[in-house]
Amino acid sequence: MKMLALDASFIKEDLTKDFNGKNAIERIFELAQNNKYDRYILLQRGEISAVPEGIKNVVLKSDRARDILQAVFDESRNCDDIIIFDAGNPFYDYEFVEEMLDRHNKFIADFTYAMGYPDGLTPRIVKKEIIPEIVKLVEEDEAIERDWLFYSLSKDINSFDIETFLADVDLRLFRIKFGSNDVGERVFAVKLFKIFDNIPKIKEIERYLSENASEIYTVPYMVSFELNSNPALESIYALPTEEPGSLLDVEVCKKAILQIKEINPDAAILFGGRGEVFGHPGVFELIDFVSTNGMRLILESDGVSEVGDIIENLDKIDIDKNSFFIVLRYDAYDETTYNKIRPDGNFGALNALFAELTKKGYKTYKEVTRTLDNEVEIEKYIRNTDKDGNSEVDSLIIRKYSTYCGALPDKKVVDLSPLERIPCFHLRREIYVKSNADVPICRYKPDWIIGNIQTNSIGDIAKKLNDEYRKNSKLEYHEFCKNCDDYYIFNF
């Protein structure tokens with residue numbers, strides 16, 4: 001006996017009927033009849049209202065892995081195998097599922113999954129009898145993971161018999177996601193449905209995406225605001241600014257943030273860039289504005305401002321500390337190396353700020369831009385623990401060194417670029433706003449301007465970036481893009 005579990009555990013709003021008058025669950029349920037399941041359940045938060053008759057509606061008590069697994073086990077009854085499929089993905093291929101089930105049973109696997117396909121496109125199959133063992137692996141784990149099943153299994157993956165289904169074309173590099181877990185996924189699903197005008201087979205989707213990378217642009221996932229053009233400290237790897245002393249207007253910034261929220265409320269806002277974020281007089285007003293609008297916010301700072309002033313002003317704001325992150329540019333482990341990279345810095349003050357922010361419960365990270373000058377410093381983070389016994393690498397962000405399309409000397413330690421060039425992630429997922437409100441094509445070519453947030457809406461800028469992405473994906477590169485070594489690096 002087998003059960004289909006439709007996973008909507010991370011869908012935050014009701015599904016719309018975008019697929020010829022039906023929502024994704026209705027489409028899946030219709031097609032899944034061909035697999036003759038003995039039981040159907042929907043795992044959700046309580047946001048989805050239209051649940052077809054014949055599907056048991058299961059409202060989860062939490063989105064932690066252990067609780068989702070326990071709910072699946074409790075609802076499985078006499079079923080031996082559980083097929084888990086993303087409830088927001090209408091592209092259910094019953095023949096592909098049957099093929100996976102045949103292999104799962106032939107090799108008596110505990111867990112069967114597909115590798116090389118976009119996230120959410122294919123199902124996962126798990127034997128009911130191993131679920132109690134998996135629950136034990138995450139019993140004390142508070143982590144919230146979208147791929148809760150594989151996350152839990154990976155705690156002791158060698159204890160299970162696993163069968164892998166390999167794609168003909170590995171599409172993982174493209175970071176495509178199927179489902180309705182965010183705006184981008186919903187936009188993409190509707191776009192693909194209109195292209196095919198039906199529910200295509202998985203192999204058709206695989207072939208289409210491998211040949212049409214130009215069609216996977218959806219919405220911006222990160223918008224960076226360079227609030228202040230002046231860096232607090234000079235750095236040996238930083239690109240000089242073209243507009244010294246420029247400050248981004250607070251009201252102009254707020255207007256753009258609201259436009260971003262309208263397009264993608266899940267987008268991350270970053271205040272940083274080449275200038276010092278705490279050097280802007282309106283920074284705390286803007287932090288409050290982003291927080292009030294319920295958006296994720298990242299601050300990048302050289303960490304030279306007065307510790308007391310920063311903490312005092314942050315504490316006045318009602319901040320969701322799970323959606324607020326502070327990144328301090330360390331670029332070293334030891335003070336000697338730090339002084340070589342940032343000659344005017346104050347390593348002691350930087351450490352004091354990190355310690356105080358961490359003590360106050362702010363999610364704070366040390367950023368090291370990896371270069372030939374500090375490679376050995378990164379190893380020290382990996383080997384060492386802090387005074388509480390925690391690995392120092394847990395609070396470390398390693399940033400790839402950039403030549404800014406050949407504007408700076410090449411100091412990178414190793415070439416990480418793919419064997420075959422892929423379309424640019426920055427064009428596809430990011431917008432960068434300079435302190436004078438200009439929007440360059442990307443952060444790595446700040447003098448190539450495509451718009452200005454005072455005169456262009458974020459929507460208009462996104463359309464221009466979509467056009468740039470299409471050309472880039474068809475190998476129509478600007479001259480400066482040919483020298484770029486950052487196209488494969490992504491943030492969100």
# chains A, B, ... in the order shown; residues from 1 in each chain; ligands from 1
>>> select_by_dssp(residues="stretch 62-250 of chain A", states="strand (DSSP E or B)", output="PyMOL selection string")
chain A and resi 81-86+111-115+119+124-127+162-166+177+222-225+228+247
>>> write_last_selection(atoms="C-alpha atoms", output="PDB file, in the first residue's frame")
ATOM      1  CA  ASP A  81       5.648   3.500   1.015  1.00  0.00           C
ATOM      2  CA  ILE A  82       5.120   7.248   1.217  1.00  0.00           C
ATOM      3  CA  ILE A  83       5.551   9.422  -1.858  1.00  0.00           C
ATOM      4  CA  ILE A  84       6.202  13.060  -0.971  1.00  0.00           C
ATOM      5  CA  PHE A  85       5.528  15.691  -3.630  1.00  0.00           C
ATOM      6  CA  ASP A  86       5.572  19.498  -3.525  1.00  0.00           C
ATOM      7  CA  PHE A 111      14.631   6.139   0.412  1.00  0.00           C
ATOM      8  CA  THR A 112      14.517   6.948  -3.306  1.00  0.00           C
ATOM      9  CA  TYR A 113      15.054  10.371  -4.816  1.00  0.00           C
ATOM     10  CA  ALA A 114      15.987  12.023  -8.095  1.00  0.00           C
ATOM     11  CA  MET A 115      19.289  13.860  -8.540  1.00  0.00           C
ATOM     12  CA  ASP A 119      14.210  21.342  -6.596  1.00  0.00           C
ATOM     13  CA  ARG A 124      10.826  11.523  -2.871  1.00  0.00           C
ATOM     14  CA  ILE A 125       9.866   8.054  -1.693  1.00  0.00           C
ATOM     15  CA  VAL A 126      10.426   6.801   1.836  1.00  0.00           C
ATOM     16  CA  LYS A 127       9.542   3.555   3.587  1.00  0.00           C
ATOM     17  CA  ILE A 162      19.189   4.767  -0.803  1.00  0.00           C
ATOM     18  CA  GLU A 163      18.317   4.565  -4.479  1.00  0.00           C
ATOM     19  CA  THR A 164      19.128   7.486  -6.789  1.00  0.00           C
ATOM     20  CA  PHE A 165      17.373   8.477 -10.000  1.00  0.00           C
ATOM     21  CA  LEU A 166      19.766  10.492 -12.205  1.00  0.00           C
ATOM     22  CA  LYS A 177      12.803  25.682  -7.950  1.00  0.00           C
ATOM     23  CA  MET A 222      17.954  40.562  -3.359  1.00  0.00           C
ATOM     24  CA  VAL A 223      18.206  44.343  -3.646  1.00  0.00           C
ATOM     25  CA  SER A 224      21.373  46.019  -2.360  1.00  0.00           C
ATOM     26  CA  PHE A 225      21.401  49.682  -1.382  1.00  0.00           C
ATOM     27  CA  ASN A 228      26.795  55.848   1.636  1.00  0.00           C
ATOM     28  CA  LEU A 247      24.288  59.686   0.532  1.00  0.00           C
TER      29      LEU A 247
END
>>> residues_around(residues="stretch 258-267 of chain A", least_positions_apart="6", cutoff="8 Å", atoms="only C-alpha atoms", output="PDB file with N, CA and C atoms, in the first residue's frame")
ATOM      1  N   ASP A 182       7.370  30.641  -2.784  1.00  0.00           N
ATOM      2  CA  ASP A 182       7.603  32.082  -2.838  1.00  0.00           C
ATOM      3  C   ASP A 182       7.094  32.617  -4.171  1.00  0.00           C
ATOM      4  N   VAL A 183       7.157  33.926  -4.326  1.00  0.00           N
ATOM      5  CA  VAL A 183       6.608  34.574  -5.524  1.00  0.00           C
ATOM      6  C   VAL A 183       7.305  34.088  -6.786  1.00  0.00           C
ATOM      7  N   GLY A 184       8.626  33.984  -6.740  1.00  0.00           N
ATOM      8  CA  GLY A 184       9.380  33.558  -7.913  1.00  0.00           C
ATOM      9  C   GLY A 184       8.964  32.188  -8.406  1.00  0.00           C
ATOM     10  N   VAL A 219      11.715  37.014 -10.574  1.00  0.00           N
ATOM     11  CA  VAL A 219      11.644  38.272  -9.817  1.00  0.00           C
ATOM     12  C   VAL A 219      12.972  38.491  -9.098  1.00  0.00           C
ATOM     13  N   PRO A 220      13.270  39.729  -8.685  1.00  0.00           N
ATOM     14  CA  PRO A 220      14.484  39.957  -7.882  1.00  0.00           C
ATOM     15  C   PRO A 220      14.359  39.282  -6.511  1.00  0.00           C
ATOM     16  N   TYR A 221      15.453  38.662  -6.078  1.00  0.00           N
ATOM     17  CA  TYR A 221      15.490  38.024  -4.760  1.00  0.00           C
ATOM     18  C   TYR A 221      16.346  38.810  -3.764  1.00  0.00           C
ATOM     19  N   MET A 222      17.166  39.721  -4.258  1.00  0.00           N
ATOM     20  CA  MET A 222      17.954  40.562  -3.359  1.00  0.00           C
ATOM     21  C   MET A 222      18.146  41.938  -3.989  1.00  0.00           C
ATOM     22  N   VAL A 223      17.951  42.977  -3.187  1.00  0.00           N
ATOM     23  CA  VAL A 223      18.206  44.343  -3.646  1.00  0.00           C
ATOM     24  C   VAL A 223      19.179  44.985  -2.665  1.00  0.00           C
ATOM     25  N   MET A 295      10.419  42.551   6.131  1.00  0.00           N
ATOM     26  CA  MET A 295      11.339  42.007   5.140  1.00  0.00           C
ATOM     27  C   MET A 295      12.681  41.654   5.772  1.00  0.00           C
ATOM     28  N   ARG A 296      13.380  40.725   5.138  1.00  0.00           N
ATOM     29  CA  ARG A 296      14.717  40.352   5.605  1.00  0.00           C
ATOM     30  C   ARG A 296      15.694  41.488   5.336  1.00  0.00           C
ATOM     31  N   SER A 457      10.888  52.861 -11.855  1.00  0.00           N
ATOM     32  CA  SER A 457      10.375  51.970 -10.809  1.00  0.00           C
ATOM     33  C   SER A 457      11.233  50.706 -10.745  1.00  0.00           C
ATOM     34  N   ILE A 458      11.156  50.009  -9.624  1.00  0.00           N
ATOM     35  CA  ILE A 458      11.868  48.738  -9.492  1.00  0.00           C
ATOM     36  C   ILE A 458      11.361  47.744 -10.535  1.00  0.00           C
ATOM     37  N   GLY A 459      10.067  47.803 -10.836  1.00  0.00           N
ATOM     38  CA  GLY A 459       9.509  46.928 -11.862  1.00  0.00           C
ATOM     39  C   GLY A 459      10.128  47.173 -13.225  1.00  0.00           C
TER      40      GLY A 459
END
>>> closest_residue(among="A:Val250, A:Val138, A:Ile195, A:Cys405", to="A:Asn483", atoms="only C-alpha atoms")
A:Cys405
>>> residues_around(residues="A:Thr403", least_positions_apart="4", cutoff="10 Å", atoms="only C-alpha atoms", output="list in words")
Tyr237, Ala238, Leu239, Ala407, Leu408, Pro409, Asp410, Lys411, Lys412, Tyr444, Asn483, Cys484, Asp485 and Asp486 of chain A
>>> write_last_selection(atoms="C-alpha atoms", output="PDB file, in the first residue's frame")
ATOM      1  CA  TYR A 237      40.643  44.709  -2.579  1.00  0.00           C
ATOM      2  CA  ALA A 238      37.905  47.395  -2.722  1.00  0.00           C
ATOM      3  CA  LEU A 239      36.930  49.232  -5.886  1.00  0.00           C
ATOM      4  CA  ALA A 407      39.350  46.600 -12.902  1.00  0.00           C
ATOM      5  CA  LEU A 408      41.453  45.215 -10.019  1.00  0.00           C
ATOM      6  CA  PRO A 409      44.471  42.883 -10.076  1.00  0.00           C
ATOM      7  CA  ASP A 410      43.681  39.189  -9.829  1.00  0.00           C
ATOM      8  CA  LYS A 411      44.310  38.051  -6.238  1.00  0.00           C
ATOM      9  CA  LYS A 412      41.944  35.111  -6.092  1.00  0.00           C
ATOM     10  CA  TYR A 444      30.681  44.346 -10.392  1.00  0.00           C
ATOM     11  CA  ASN A 483      36.162  39.207 -18.231  1.00  0.00           C
ATOM     12  CA  CYS A 484      33.732  38.536 -15.376  1.00  0.00           C
ATOM     13  CA  ASP A 485      34.489  35.795 -12.874  1.00  0.00           C
ATOM     14  CA  ASP A 486      31.488  36.434 -10.609  1.00  0.00           C
TER      15      ASP A 486
END
>>> residues_around(residues="A:Tyr40", least_positions_apart="3", cutoff="8 Å", atoms="only C-alpha atoms", output="PyMOL selection string")
chain A and resi 3-6+37+54-56
>>> write_last_selection(atoms="N, CA and C atoms", output="PDB file, in the first residue's frame")
ATOM      1  N   MET A   3       0.991   5.826   0.005  1.00  0.00           N
ATOM      2  CA  MET A   3       0.316   7.095   0.311  1.00  0.00           C
ATOM      3  C   MET A   3       1.034   8.240  -0.396  1.00  0.00           C
ATOM      4  N   LEU A   4       0.255   9.165  -0.944  1.00  0.00           N
ATOM      5  CA  LEU A   4       0.815  10.392  -1.510  1.00  0.00           C
ATOM      6  C   LEU A   4       0.663  11.510  -0.488  1.00  0.00           C
ATOM      7  N   ALA A   5       1.795  12.061  -0.062  1.00  0.00           N
ATOM      8  CA  ALA A   5       1.792  13.192   0.877  1.00  0.00           C
ATOM      9  C   ALA A   5       2.156  14.450   0.106  1.00  0.00           C
ATOM     10  N   LEU A   6       1.207  15.359  -0.030  1.00  0.00           N
ATOM     11  CA  LEU A   6       1.459  16.625  -0.719  1.00  0.00           C
ATOM     12  C   LEU A   6       2.024  17.610   0.297  1.00  0.00           C
ATOM     13  N   TYR A  37      -3.109   5.400  -5.585  1.00  0.00           N
ATOM     14  CA  TYR A  37      -2.701   5.491  -4.178  1.00  0.00           C
ATOM     15  C   TYR A  37      -3.832   5.002  -3.270  1.00  0.00           C
ATOM     16  N   GLY A  54     -11.236  13.786  -0.759  1.00  0.00           N
ATOM     17  CA  GLY A  54     -10.399  12.606  -0.979  1.00  0.00           C
ATOM     18  C   GLY A  54      -8.988  12.794  -0.469  1.00  0.00           C
ATOM     19  N   ILE A  55      -8.643  14.046  -0.124  1.00  0.00           N
ATOM     20  CA  ILE A  55      -7.332  14.343   0.456  1.00  0.00           C
ATOM     21  C   ILE A  55      -7.530  14.729   1.919  1.00  0.00           C
ATOM     22  N   LYS A  56      -6.837  14.045   2.815  1.00  0.00           N
ATOM     23  CA  LYS A  56      -6.915  14.376   4.251  1.00  0.00           C
ATOM     24  C   LYS A  56      -6.095  15.643   4.503  1.00  0.00           C
TER      25      LYS A  56
END
>>> closest_residue(among="A:Asn313, A:Asn322, A:Asn346, A:Asn384", to="A:Ile144", atoms="only C-alpha atoms")
A:Asn322
>>> residues_around(residues="A:Val190", least_positions_apart="6", cutoff="10 Å", atoms="only C-alpha atoms", output="ChimeraX atom specification")
/A:18-19,89-90,197
>>> atom_distance(atom1="atom CA of A:Asp170", atom2="atom CA of A:Ile397")
27.4 Å
>>> residues_around(residues="A:Phe73", least_positions_apart="3", cutoff="10 Å", atoms="only C-alpha atoms", output="short mmCIF file (atom, residue, chain, number, x, y, z; two decimals) with N, CA and C atoms, in the first residue's frame")
data_model
loop_
_atom_site.label_atom_id
_atom_site.label_comp_id
_atom_site.auth_asym_id
_atom_site.auth_seq_id
_atom_site.Cartn_x
_atom_site.Cartn_y
_atom_site.Cartn_z
N ASP A 67 8.60 17.36 13.61
CA ASP A 67 7.14 17.41 13.70
C ASP A 67 6.47 17.05 12.37
N ILE A 68 7.10 17.46 11.27
CA ILE A 68 6.55 17.09 9.96
C ILE A 68 6.67 15.58 9.74
N LEU A 69 7.83 15.03 10.07
CA LEU A 69 8.03 13.58 9.94
C LEU A 69 7.04 12.80 10.79
N GLN A 70 6.82 13.26 12.01
CA GLN A 70 5.89 12.57 12.90
C GLN A 70 4.47 12.61 12.35
N SER A 76 0.12 7.77 8.01
CA SER A 76 0.40 6.76 6.98
C SER A 76 -0.41 5.48 7.15
N ARG A 77 -0.88 5.22 8.37
CA ARG A 77 -1.73 4.05 8.65
C ARG A 77 -1.08 2.76 8.15
N CYS A 79 0.01 2.02 5.15
CA CYS A 79 0.82 2.18 3.93
C CYS A 79 2.28 1.81 4.19
N ILE A 82 5.69 5.90 1.21
CA ILE A 82 5.12 7.25 1.22
C ILE A 82 5.82 8.06 0.14
N LYS A 127 10.25 4.65 2.93
CA LYS A 127 9.54 3.55 3.59
C LYS A 127 9.04 4.01 4.95
N LYS A 128 7.80 3.69 5.23
CA LYS A 128 7.21 4.09 6.50
C LYS A 128 8.01 3.57 7.69
N GLU A 129 8.52 2.35 7.59
CA GLU A 129 9.14 1.71 8.74
C GLU A 129 10.41 2.39 9.23
N ILE A 130 11.04 3.23 8.38
CA ILE A 130 12.27 3.90 8.83
C ILE A 130 12.00 5.28 9.43
N ILE A 131 10.77 5.77 9.31
CA ILE A 131 10.49 7.13 9.79
C ILE A 131 10.77 7.31 11.28
N PRO A 132 10.39 6.36 12.16
CA PRO A 132 10.74 6.53 13.57
C PRO A 132 12.24 6.69 13.81
N VAL A 135 13.12 10.26 12.81
CA VAL A 135 12.65 11.22 13.82
C VAL A 135 13.66 11.32 14.96
#
>>> closest_residue(among="A:Thr122, A:Ser62, A:Ser180, A:Asn452", to="A:Glu13", atoms="only C-alpha atoms")
A:Ser180
>>> residues_around(residues="A:Gly361", least_positions_apart="6", cutoff="12 Å", atoms="only C-alpha atoms", output="VMD selection string")
chain A and resid 311 314 to 315 319 to 322 324 to 326 354 to 355
>>> atom_distance(atom1="atom CA of A:Asp168", atom2="atom CA of A:Met100")
14.8 Å
>>> closest_residue(among="A:Leu15, A:Ala189, A:Leu299, A:Phe196", to="A:Ala268", atoms="only C-alpha atoms")
A:Leu299
>>> select_by_dssp(residues="stretch 128-334 of chain A", states="alpha helix (DSSP H)", output="NGL selection string")
:A and (131-137 or 148-153 or 183-196 or 202-211 or 250-263 or 283-292 or 307-315)
>>> atom_distance(atom1="atom CA of A:Arg429", atom2="atom CA of A:Arg45")
27.5 Å
>>> closest_atom_pairs(of="stretch 150-198 of chain A", to="stretch 204-213 of chain A", cutoff="9 Å", atoms="only C-alpha atoms", output="Markdown table")
| residue | atom | partner | partner_atom | distance |
| --- | --- | --- | --- | --- |
| A:Ala167 | CA | A:Glu206 | CA | 8.2 |
| A:Asp168 | CA | A:Glu206 | CA | 8.1 |
| A:Val169 | CA | A:Glu206 | CA | 7.1 |
| A:Asp170 | CA | A:Ser210 | CA | 8.6 |
| A:Leu171 | CA | A:Ser210 | CA | 7.1 |
| A:Phe174 | CA | A:Ala213 | CA | 8.2 |
| A:Leu192 | CA | A:Ile205 | CA | 8.7 |
